[in-house]
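Engineer: Contents of upload_30.cif (mmCIF, C-alpha atoms and all ligand atoms) are given next:
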data_structure
loop_
_atom_site.label_atom_id
_atom_site.label_comp_id
_atom_site.auth_asym_id
_atom_site.auth_seq_id
_atom_site.Cartn_x
_atom_site.Cartn_y
_atom_site.Cartn_z
CA MET B 1 142.12 59.41 48.13
CA ARG B 2 141.95 58.13 44.58
CA VAL B 3 142.39 54.41 43.80
CA LEU B 4 142.33 52.34 40.64
CA VAL B 5 141.08 48.74 40.66
CA THR B 6 141.86 46.22 37.90
CA GLY B 7 139.52 43.25 37.46
CA GLY B 8 136.86 45.42 39.08
CA ALA B 9 133.97 43.50 37.48
CA GLY B 10 135.03 40.21 39.05
CA MET B 11 134.00 38.51 42.26
CA LEU B 12 136.39 40.34 44.56
CA GLY B 13 136.09 43.60 42.63
CA SER B 14 132.33 43.64 43.09
CA SER B 15 132.85 43.61 46.87
CA LEU B 16 135.99 45.75 47.06
CA CYS B 17 134.83 48.68 44.89
CA PRO B 18 131.67 49.41 46.95
CA ALA B 19 133.64 48.95 50.19
CA LEU B 20 136.23 51.50 49.04
CA MET B 21 133.52 53.97 47.98
CA LYS B 22 131.75 53.57 51.31
CA ARG B 23 135.00 54.61 53.04
CA GLY B 24 135.18 57.74 50.87
CA TYR B 25 137.75 56.67 48.29
CA GLU B 26 137.36 57.90 44.73
CA VAL B 27 137.38 54.63 42.77
CA ILE B 28 138.24 54.05 39.11
CA ALA B 29 137.10 50.49 38.47
CA THR B 30 138.50 48.84 35.34
CA ASP B 31 138.20 45.47 33.61
CA LYS B 32 138.94 43.79 30.30
CA ILE B 33 135.35 44.26 29.14
CA PRO B 34 133.79 47.65 29.97
CA GLU B 35 130.44 47.79 31.76
CA GLU B 36 128.41 50.43 33.47
CA LYS B 37 130.81 52.20 35.88
CA ILE B 38 133.69 49.97 34.70
CA GLU B 39 136.35 51.47 32.41
CA CYS B 40 138.05 49.29 29.82
CA LEU B 41 141.59 48.25 30.74
CA ASP B 42 143.23 45.06 29.55
CA VAL B 43 146.22 44.55 31.83
CA THR B 44 148.16 42.74 29.10
CA GLU B 45 148.38 46.01 27.13
CA GLY B 46 151.35 47.68 28.79
CA GLU B 47 151.16 51.06 27.09
CA LYS B 48 147.47 51.48 27.80
CA VAL B 49 148.04 50.44 31.42
CA ASN B 50 150.74 53.06 31.78
CA ALA B 51 148.67 55.76 30.06
CA MET B 52 145.58 55.15 32.19
CA ILE B 53 147.50 55.03 35.45
CA GLN B 54 149.27 58.24 34.45
CA GLU B 55 145.99 59.91 33.50
CA PHE B 56 144.13 59.03 36.70
CA SER B 57 147.17 59.27 38.94
CA PRO B 58 145.77 57.13 41.78
CA GLN B 59 147.52 56.81 45.16
CA ILE B 60 146.89 53.04 45.24
CA VAL B 61 146.31 50.43 42.51
CA PHE B 62 144.47 47.30 43.61
CA HIS B 63 145.48 44.69 41.02
CA LEU B 64 142.78 42.01 41.00
CA ALA B 65 142.62 41.22 37.28
CA ALA B 66 143.64 37.67 36.45
CA GLU B 67 142.75 34.61 34.46
CA THR B 68 141.18 32.68 37.33
CA ASP B 69 140.01 29.65 35.36
CA VAL B 70 142.59 27.18 36.64
CA ASP B 71 141.88 24.52 33.99
CA LYS B 72 142.00 27.08 31.18
CA CYS B 73 145.41 28.19 32.47
CA GLU B 74 146.63 24.60 32.32
CA LYS B 75 145.55 24.29 28.70
CA GLU B 76 146.60 27.81 27.60
CA VAL B 77 149.94 28.32 29.26
CA GLU B 78 150.96 31.39 27.26
CA HIS B 79 147.65 33.11 28.02
CA ALA B 80 148.05 32.30 31.73
CA PHE B 81 151.54 33.83 31.96
CA LEU B 82 150.64 36.75 29.73
CA THR B 83 147.70 37.69 31.94
CA ASN B 84 148.79 36.67 35.43
CA ALA B 85 152.54 37.29 35.32
CA LEU B 86 153.16 39.86 32.56
CA GLY B 87 149.87 41.67 33.22
CA THR B 88 151.08 42.07 36.80
CA GLU B 89 154.44 43.30 35.51
CA ASN B 90 152.67 45.97 33.43
CA ILE B 91 150.86 47.22 36.52
CA ALA B 92 154.00 47.09 38.67
CA LEU B 93 156.06 49.02 36.11
CA ALA B 94 153.40 51.72 35.80
CA CYS B 95 153.16 52.01 39.59
CA GLN B 96 156.94 52.05 39.93
CA ARG B 97 157.25 54.92 37.42
CA GLN B 98 154.75 56.99 39.31
CA ASN B 99 155.59 55.89 42.86
CA ILE B 100 152.11 54.45 43.43
CA ILE B 101 151.35 51.84 46.10
CA MET B 102 150.40 48.49 44.58
CA VAL B 103 148.18 45.80 46.08
CA TYR B 104 148.46 42.42 44.34
CA ILE B 105 146.03 39.62 45.12
CA SER B 106 147.67 36.22 44.99
CA THR B 107 146.62 32.75 46.06
CA GLY B 108 147.20 30.08 48.69
CA GLY B 109 147.64 27.80 45.68
CA VAL B 110 151.31 28.84 45.44
CA PHE B 111 152.24 26.08 47.90
CA ASP B 112 152.70 22.38 47.14
CA GLY B 113 149.91 21.38 49.50
CA GLU B 114 151.85 18.76 51.44
CA LYS B 115 152.05 20.61 54.78
CA GLU B 116 149.68 19.29 57.46
CA GLU B 117 149.37 22.62 59.29
CA PRO B 118 148.12 25.86 57.69
CA TYR B 119 150.62 27.78 55.59
CA THR B 120 152.03 31.06 56.92
CA GLU B 121 153.78 33.87 55.08
CA PHE B 122 157.09 32.24 56.10
CA ASP B 123 156.52 28.99 54.20
CA GLN B 124 158.21 28.44 50.87
CA PRO B 125 155.97 28.39 47.76
CA ASN B 126 156.29 25.46 45.36
CA PRO B 127 153.37 25.77 42.91
CA ARG B 128 152.06 22.67 41.20
CA ASN B 129 149.90 23.98 38.36
CA VAL B 130 150.18 26.65 35.67
CA TYR B 131 147.75 29.11 37.29
CA SER B 132 149.64 29.04 40.59
CA LYS B 133 153.04 29.23 38.90
CA ALA B 134 151.97 32.33 36.98
CA LYS B 135 150.50 33.92 40.15
CA TRP B 136 153.76 33.23 42.01
CA GLU B 137 155.77 34.76 39.16
CA GLY B 138 153.49 37.78 39.61
CA GLU B 139 154.46 37.91 43.30
CA LYS B 140 158.18 37.82 42.49
CA ILE B 141 157.79 40.56 39.88
CA VAL B 142 156.02 42.80 42.41
CA GLN B 143 158.68 42.11 45.03
CA ASN B 144 161.50 42.84 42.60
CA LEU B 145 160.09 46.00 41.07
CA MET B 146 158.27 47.69 43.92
CA LYS B 147 159.14 49.13 47.32
CA ARG B 148 155.64 50.10 48.39
CA TYR B 149 153.51 47.01 47.83
CA TYR B 150 151.16 44.60 49.56
CA ILE B 151 150.93 41.05 48.25
CA VAL B 152 147.87 39.34 49.68
CA ARG B 153 147.31 35.60 49.32
CA ALA B 154 143.64 34.68 49.64
CA GLY B 155 141.92 31.32 50.01
CA TRP B 156 138.94 29.76 48.21
CA MET B 157 136.88 32.82 47.42
CA PHE B 158 133.13 33.20 47.49
CA GLY B 159 131.14 36.37 46.93
CA GLY B 160 129.59 38.54 44.28
CA GLY B 161 126.15 36.86 44.18
CA HIS B 162 125.09 36.17 40.60
CA ILE B 163 128.67 36.51 39.27
CA ASP B 164 130.02 33.88 41.66
CA LYS B 165 131.42 31.31 39.22
CA LYS B 166 133.45 29.45 41.80
CA PHE B 167 132.55 26.55 44.08
CA VAL B 168 129.84 28.15 46.25
CA GLY B 169 128.12 29.74 43.25
CA LYS B 170 128.16 26.40 41.44
CA ILE B 171 126.77 24.45 44.41
CA ILE B 172 123.95 26.97 44.90
CA SER B 173 122.93 26.80 41.27
CA LEU B 174 123.11 22.98 41.24
CA LEU B 175 120.78 22.89 44.25
CA SER B 176 117.99 24.46 42.19
CA ASP B 177 117.46 21.21 40.28
CA LYS B 178 119.44 18.46 41.98
CA ASN B 179 118.99 16.65 45.27
CA GLU B 180 122.11 14.53 45.21
CA LEU B 181 125.65 15.87 44.77
CA ASN B 182 129.04 14.16 44.80
CA VAL B 183 131.68 16.42 46.31
CA VAL B 184 135.39 15.78 46.89
CA ASN B 185 136.50 15.33 50.48
CA ASP B 186 140.26 15.02 50.08
CA LYS B 187 141.23 18.63 49.17
CA PHE B 188 141.40 21.24 51.91
CA GLY B 189 141.47 25.01 52.00
CA SER B 190 140.42 28.23 53.71
CA PRO B 191 137.17 29.70 52.40
CA THR B 192 137.39 33.48 51.96
CA PHE B 193 134.35 35.76 51.77
CA THR B 194 135.15 38.61 49.36
CA GLU B 195 133.40 41.14 51.63
CA ASP B 196 135.49 40.14 54.66
CA LEU B 197 138.64 40.20 52.53
CA SER B 198 137.72 43.69 51.30
CA LEU B 199 137.37 45.00 54.86
CA ALA B 200 140.72 43.46 55.80
CA LEU B 201 142.34 45.06 52.72
CA LEU B 202 140.98 48.47 53.73
CA GLU B 203 142.61 48.10 57.15
CA LEU B 204 145.84 46.73 55.74
CA VAL B 205 146.48 49.58 53.30
CA GLN B 206 146.15 52.07 56.13
CA THR B 207 149.02 50.51 58.08
CA GLY B 208 151.82 51.45 55.68
CA ARG B 209 153.38 48.12 56.68
CA TYR B 210 154.21 46.87 53.19
CA GLY B 211 154.89 43.23 52.44
CA LEU B 212 153.33 39.81 52.08
CA TYR B 213 150.13 38.78 53.90
CA HIS B 214 147.74 35.84 54.06
CA ILE B 215 144.06 36.78 54.35
CA ALA B 216 141.36 34.11 54.57
CA ASN B 217 138.45 33.38 56.84
CA GLN B 218 139.54 31.34 59.86
CA GLY B 219 139.36 27.57 59.87
CA ARG B 220 139.91 24.82 57.36
CA CYS B 221 137.54 22.54 55.49
CA SER B 222 137.16 20.26 52.50
CA ARG B 223 134.94 21.05 49.51
CA PHE B 224 132.56 18.38 50.87
CA GLU B 225 132.32 20.12 54.25
CA MET B 226 131.65 23.44 52.52
CA ALA B 227 128.83 21.97 50.45
CA ARG B 228 127.38 20.25 53.54
CA GLU B 229 127.42 23.55 55.44
CA ILE B 230 125.45 25.25 52.64
CA VAL B 231 122.85 22.47 52.50
CA GLN B 232 122.46 22.35 56.28
CA TYR B 233 122.13 26.10 56.52
CA LEU B 234 119.44 26.10 53.82
CA GLY B 235 117.60 23.34 55.70
CA ARG B 236 117.58 21.23 52.53
CA LYS B 237 116.81 17.87 54.14
CA ASP B 238 115.91 16.55 50.67
CA VAL B 239 119.52 16.90 49.47
CA LYS B 240 122.13 14.18 49.88
CA ILE B 241 125.81 15.14 49.66
CA ASN B 242 128.15 12.21 49.00
CA PRO B 243 131.84 12.54 49.89
CA ILE B 244 134.03 11.27 47.06
CA SER B 245 137.71 11.08 46.21
CA SER B 246 139.17 13.62 43.78
CA ASP B 247 140.37 10.62 41.72
CA ALA B 248 136.77 10.32 40.57
CA PHE B 249 136.91 13.87 39.15
CA PRO B 250 139.97 14.10 36.88
CA LEU B 251 140.61 17.73 35.89
CA PRO B 252 143.21 19.31 33.58
CA ALA B 253 144.92 21.24 36.39
CA TYR B 254 146.33 19.47 39.45
CA ARG B 255 144.67 20.52 42.72
CA ILE B 256 146.95 20.43 45.74
CA LYS B 257 145.89 18.56 48.88
CA SER B 258 145.90 21.59 51.15
CA GLU B 259 145.93 25.32 50.55
CA THR B 260 144.89 26.14 54.09
CA LEU B 261 146.16 29.57 55.10
CA GLU B 262 146.97 31.06 58.47
CA ASN B 263 146.65 34.85 58.73
CA PHE B 264 149.80 34.85 60.79
CA LYS B 265 150.95 38.43 60.18
CA LEU B 266 147.46 39.92 60.19
CA ASN B 267 146.92 38.40 63.63
CA VAL B 268 150.26 38.97 65.35
CA LEU B 269 150.42 42.55 64.10
CA ASN B 270 146.82 43.09 65.23
CA ILE B 271 145.74 44.43 61.84
CA PHE B 272 142.41 42.70 61.36
CA THR B 273 140.62 39.62 62.67
CA MET B 274 138.87 37.51 60.06
CA ARG B 275 135.83 35.61 61.34
CA ARG B 276 135.33 31.86 60.93
CA TRP B 277 134.42 30.60 57.49
CA GLU B 278 131.12 29.01 58.58
CA GLU B 279 129.75 32.34 59.84
CA ALA B 280 130.85 34.17 56.69
CA LEU B 281 129.44 31.48 54.42
CA GLN B 282 126.07 31.51 56.19
CA GLU B 283 125.79 35.27 55.80
CA TYR B 284 126.68 35.04 52.13
CA VAL B 285 124.28 32.19 51.40
CA ALA B 286 121.46 34.02 53.18
CA ARG B 287 122.07 37.09 51.01
CA HIS B 288 122.80 35.21 47.81
CA MET B 289 119.69 33.08 48.14
CA LYS B 290 117.57 36.15 48.77
CA GLN B 291 118.91 37.72 45.56
CA THR B 292 118.37 34.50 43.62
CA LEU B 293 114.80 34.18 44.87
CA LYS B 294 114.01 37.80 43.94
CA LYS B 295 114.92 37.17 40.25
N1 LIG O 1 138.60 33.07 43.13
C1 LIG O 1 139.41 32.55 44.03
O1 LIG O 1 139.09 31.53 44.67
C2 LIG O 1 140.73 33.22 44.31
C3 LIG O 1 141.51 32.73 45.36
C4 LIG O 1 142.73 33.36 45.65
C5 LIG O 1 143.16 34.44 44.91
N2 LIG O 1 142.38 34.88 43.88
C6 LIG O 1 142.88 36.04 43.12
O2 LIG O 1 142.04 37.14 43.46
C7 LIG O 1 141.89 38.03 42.35
C8 LIG O 1 140.41 38.28 42.10
O3 LIG O 1 139.79 37.02 41.85
P1 LIG O 1 138.24 36.87 41.54
O4 LIG O 1 137.78 35.64 42.21
O5 LIG O 1 137.54 38.17 41.78
O6 LIG O 1 138.34 36.52 39.99
P2 LIG O 1 137.31 36.89 38.82
O7 LIG O 1 135.92 36.91 39.30
O8 LIG O 1 137.69 35.96 37.69
O9 LIG O 1 137.74 38.39 38.48
C9 LIG O 1 138.89 38.69 37.74
C10 LIG O 1 138.51 39.74 36.72
O10 LIG O 1 139.66 40.04 35.93
C11 LIG O 1 139.22 40.09 34.57
N3 LIG O 1 140.33 39.88 33.65
C12 LIG O 1 140.80 38.73 33.12
N4 LIG O 1 141.81 38.99 32.27
C13 LIG O 1 141.97 40.34 32.25
C14 LIG O 1 142.83 41.21 31.57
N5 LIG O 1 143.74 40.77 30.68
N6 LIG O 1 142.73 42.53 31.80
C15 LIG O 1 141.81 43.01 32.67
N7 LIG O 1 140.94 42.25 33.33
C16 LIG O 1 141.03 40.91 33.14
C17 LIG O 1 138.20 38.99 34.49
O11 LIG O 1 137.42 39.11 33.32
P3 LIG O 1 136.80 37.75 32.68
O12 LIG O 1 135.91 37.15 33.71
O13 LIG O 1 136.10 38.29 31.47
O14 LIG O 1 137.98 36.88 32.35
C18 LIG O 1 137.41 39.25 35.76
O15 LIG O 1 136.43 40.23 35.60
C19 LIG O 1 142.62 37.36 41.19
O16 LIG O 1 143.87 37.96 41.05
C20 LIG O 1 142.78 35.91 41.62
O17 LIG O 1 143.92 35.31 41.07
C21 LIG O 1 141.18 34.31 43.58
#
Translate this file's structure into structure tokens.
Structural biologist:
Amino acid sequence: MRVLVTGGAGMLGSSLCPALMKRGYEVIATDKIPEEKIECLDVTEGEKVNAMIQEFSPQIVFHLAAETDVDKCEKEVEHAFLTNALGTENIALACQRQNIIMVYISTGGVFDGEKEEPYTEFDQPNPRNVYSKAKWEGEKIVQNLMKRYYIVRAGWMFGGGHIDKKFVGKIISLLSDKNELNVVNDKFGSPTFTEDLSLALLELVQTGRYGLYHIANQGRCSRFEMAREIVQYLGRKDVKINPISSDAFPLPAYRIKSETLENFKLNVLNIFTMRRWEEALQEYVARHMKQTLKK
């Protein structure tokens, strides 16, 4: 089976593409900037999107490409909607024309964060920053245009080793020259290892049960707890992690209090069981550190 991946050079793409190839899929990986084994495809260019999808004629398009810098989205609203909403529309229209299955990766950030319990697929989104609003618009576009689609909301992602520009990647690089870190303890989420998410996606697309899903590693934590887990696992007794309030870290984009996800449908439909976040994080840190040390 032939599949096309957008945003293939990113964190999730660097786990998903090898996982797909390992299962025997023929993969056309694309991104805004071409690299070795990555074709050039800017998802904001509708005609090129259509032409490439027509040329390769994949059975599934995994649409990962997005502007994922949440603060940049807040400052550059037009860019955020152009990439995350209209870029998604370009992919959806091309898939619709050719009756291709579309997988769209969205975010637990679409909620308002006020719920105490984890969010399920049956909770109502109410996004609070530009990035999340644009991602939710992307969801609605996919739902309106497509019949055969999977929308997958993921949690706080980590993965990709040296290209990990998110929280875990930042903490690991800070640890190379710092032994005291202040980390917020009043924002909660569901860490999501890109390799576990990729395996779950592979199972999901085989079900033919189209619709909306939450996929994150199990459990909930704060950023502080995540950083503490990394430090403890590395045995870095020399490092002190201080819990602080997010008020001490003003950022352009509002961060909701909780984006904790429950994989309700994945579990009740017996599609895939995600392991706990601590186990996934330990495996990633072990591998990431090994790679970092080798350099
Ligand atoms: N990271 C998270 O915590 C998280 C959580 C939930 C959901 N998600 C969603 O999961 C998906 C994958 O995220 P990720 O963490 O792998 O993000 P990532 O590492 O930023 O990867 C996204 C890729 O898309 C590329 N891209 C940006 N604009 C593009 C455009 N116009 N055309 C084509 N490619 C473009 C990016 O290139 P540049 O780097 O050059 O911009 C990057 O290579 C995204 O849709 C994201 O919204 C992410």
Engineer: Once you count all atoms listed in the file, which residues end up within 8 Å of ligand LIG 1 (chain O), and could you hand them over as a PyMOL selection string?
Structural biologist: chain B and resi 6-14+30-33+40-45+63-69+83-84+87+104-109+135+153-158+163-166+192+194
Engineer: Take CA of Val205 (chain B) and CA of Arg148 (chain B) and report the distance between them in Å, one decimal.
Structural biologist: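 So the answer is 10.4 Å.
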Engineer: Within 12 Å of Ala216 (chain B), counting only C-alpha atoms, which residues show up once you throw out same-chain ones fewer than 5 positions away? Write them as an mmCIF file with C-alpha atoms, in the frame of the given file, please.
Structural biologist:
data_model
loop_
_atom_site.group_PDB
_atom_site.id
_atom_site.type_symbol
_atom_site.label_atom_id
_atom_site.label_comp_id
_atom_site.auth_asym_id
_atom_site.auth_seq_id
_atom_site.Cartn_x
_atom_site.Cartn_y
_atom_site.Cartn_z
ATOM 1 C CA ILE B 105 146.030 39.620 45.120
ATOM 2 C CA SER B 106 147.670 36.220 44.990
ATOM 3 C CA THR B 107 146.620 32.750 46.060
ATOM 4 C CA GLY B 108 147.200 30.080 48.690
ATOM 5 C CA PRO B 118 148.120 25.860 57.690
ATOM 6 C CA TYR B 119 150.620 27.780 55.590
ATOM 7 C CA THR B 120 152.030 31.060 56.920
ATOM 8 C CA VAL B 152 147.870 39.340 49.680
ATOM 9 C CA ARG B 153 147.310 35.600 49.320
ATOM 10 C CA ALA B 154 143.640 34.680 49.640
ATOM 11 C CA GLY B 155 141.920 31.320 50.010
ATOM 12 C CA TRP B 156 138.940 29.760 48.210
ATOM 13 C CA MET B 157 136.880 32.820 47.420
ATOM 14 C CA PHE B 158 133.130 33.200 47.490
ATOM 15 C CA GLY B 189 141.470 25.010 52.000
ATOM 16 C CA SER B 190 140.420 28.230 53.710
ATOM 17 C CA PRO B 191 137.170 29.700 52.400
ATOM 18 C CA THR B 192 137.390 33.480 51.960
ATOM 19 C CA PHE B 193 134.350 35.760 51.770
ATOM 20 C CA THR B 194 135.150 38.610 49.360
ATOM 21 C CA GLU B 195 133.400 41.140 51.630
ATOM 22 C CA ASP B 196 135.490 40.140 54.660
ATOM 23 C CA LEU B 197 138.640 40.200 52.530
ATOM 24 C CA SER B 198 137.720 43.690 51.300
ATOM 25 C CA LEU B 199 137.370 45.000 54.860
ATOM 26 C CA ALA B 200 140.720 43.460 55.800
ATOM 27 C CA LEU B 201 142.340 45.060 52.720
ATOM 28 C CA GLU B 259 145.930 25.320 50.550
ATOM 29 C CA THR B 260 144.890 26.140 54.090
ATOM 30 C CA LEU B 261 146.160 29.570 55.100
ATOM 31 C CA GLU B 262 146.970 31.060 58.470
ATOM 32 C CA ASN B 263 146.650 34.850 58.730
ATOM 33 C CA PHE B 264 149.800 34.850 60.790
ATOM 34 C CA LYS B 265 150.950 38.430 60.180
ATOM 35 C CA LEU B 266 147.460 39.920 60.190
ATOM 36 C CA ASN B 267 146.920 38.400 63.630
ATOM 37 C CA PHE B 272 142.410 42.700 61.360
ATOM 38 C CA THR B 273 140.620 39.620 62.670
ATOM 39 C CA MET B 274 138.870 37.510 60.060
ATOM 40 C CA ARG B 275 135.830 35.610 61.340
ATOM 41 C CA ARG B 276 135.330 31.860 60.930
ATOM 42 C CA TRP B 277 134.420 30.600 57.490
ATOM 43 C CA ALA B 280 130.850 34.170 56.690
#
Engineer: Which residue gives the smallest distance to Ser258 (chain B) among B:Arg128, B:Arg236, B:Lys170, B:Arg209, with all atoms listed in the file counted?
Structural biologist: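 Among the listed residues, the smallest separation from Ser258 (chain B) belongs to B:Arg128.
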Engineer: Write out as a compact mmCIF listing (two decimals) with C-alpha atoms, in the frame of the given file the residues lying within 10 Å of Val142 (chain B), counting all atoms listed in the file and excluding same-chain residues fewer than 4 positions away.
Structural biologist:
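Output (part33.txt):
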# COMPACT_ATOMS: atom_id res chain seq x y z
CA ALA B 85 152.54 37.29 35.32
CA THR B 88 151.08 42.07 36.80
CA GLU B 89 154.44 43.30 35.51
CA ILE B 91 150.86 47.22 36.52
CA ALA B 92 154.00 47.09 38.67
CA LEU B 93 156.06 49.02 36.11
CA GLN B 96 156.94 52.05 39.93
CA MET B 102 150.40 48.49 44.58
CA VAL B 103 148.18 45.80 46.08
CA TYR B 104 148.46 42.42 44.34
CA TRP B 136 153.76 33.23 42.01
CA GLU B 137 155.77 34.76 39.16
CA GLY B 138 153.49 37.78 39.61
CA MET B 146 158.27 47.69 43.92
CA LYS B 147 159.14 49.13 47.32
CA ARG B 148 155.64 50.10 48.39
CA TYR B 149 153.51 47.01 47.83
CA TYR B 150 151.16 44.60 49.56
CA ILE B 151 150.93 41.05 48.25
Engineer: Considering only C-alpha atoms, state which residue in the set B:Glu278, B:Ala134, B:Val49, B:Glu203 is at the smallest distance from Glu76 (chain B).
Structural biologist: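 Smallest separation from Glu76 (chain B) among the options: B:Ala134.
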Engineer: Which distance in Å separates CA of Glu225 (chain B) and CA of Pro243 (chain B), to one decimal?
Structural biologist: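 Separation between CA of Glu225 (chain B) and CA of Pro243 (chain B): 8.8 Å.
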Engineer: For Val130 (chain B), list every protein, DNA or RNA residue within 7 Å, evaluated using only C-alpha atoms, and leave out those in the same chain fewer than 5 positions away; present the list as number ranges by chain.
Structural biologist: B: 73-74, 77
Engineer: I'd like the interatomic distance between CA of Glu39 (chain B) and CA of Gly160 (chain B), to a tenth of an Å.
Structural biologist: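 Separation of CA of Glu39 (chain B) and CA of Gly160 (chain B): 18.8 Å.
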Engineer: What would the list of residues within 12 Å of (121.2, 33.9, 47.6) (file frame) look like as number ranges by chain, if all atoms listed in the file are what count?
Structural biologist: B: 158-164, 168-173, 175-176, 230, 233-234, 281-295
Engineer: Mind working out the centre and edge lengths of an axis-aligned box for region 256-268 of chain B, all listed atoms inside, 4 Å added to each side, rounded to one decimal in Å and written as AutoDock Vina command-line options?
Structural biologist:
--center_x 147.9 --center_y 29.2 --center_z 55.5 --size_x 14.1 --size_y 29.4 --size_z 27.6
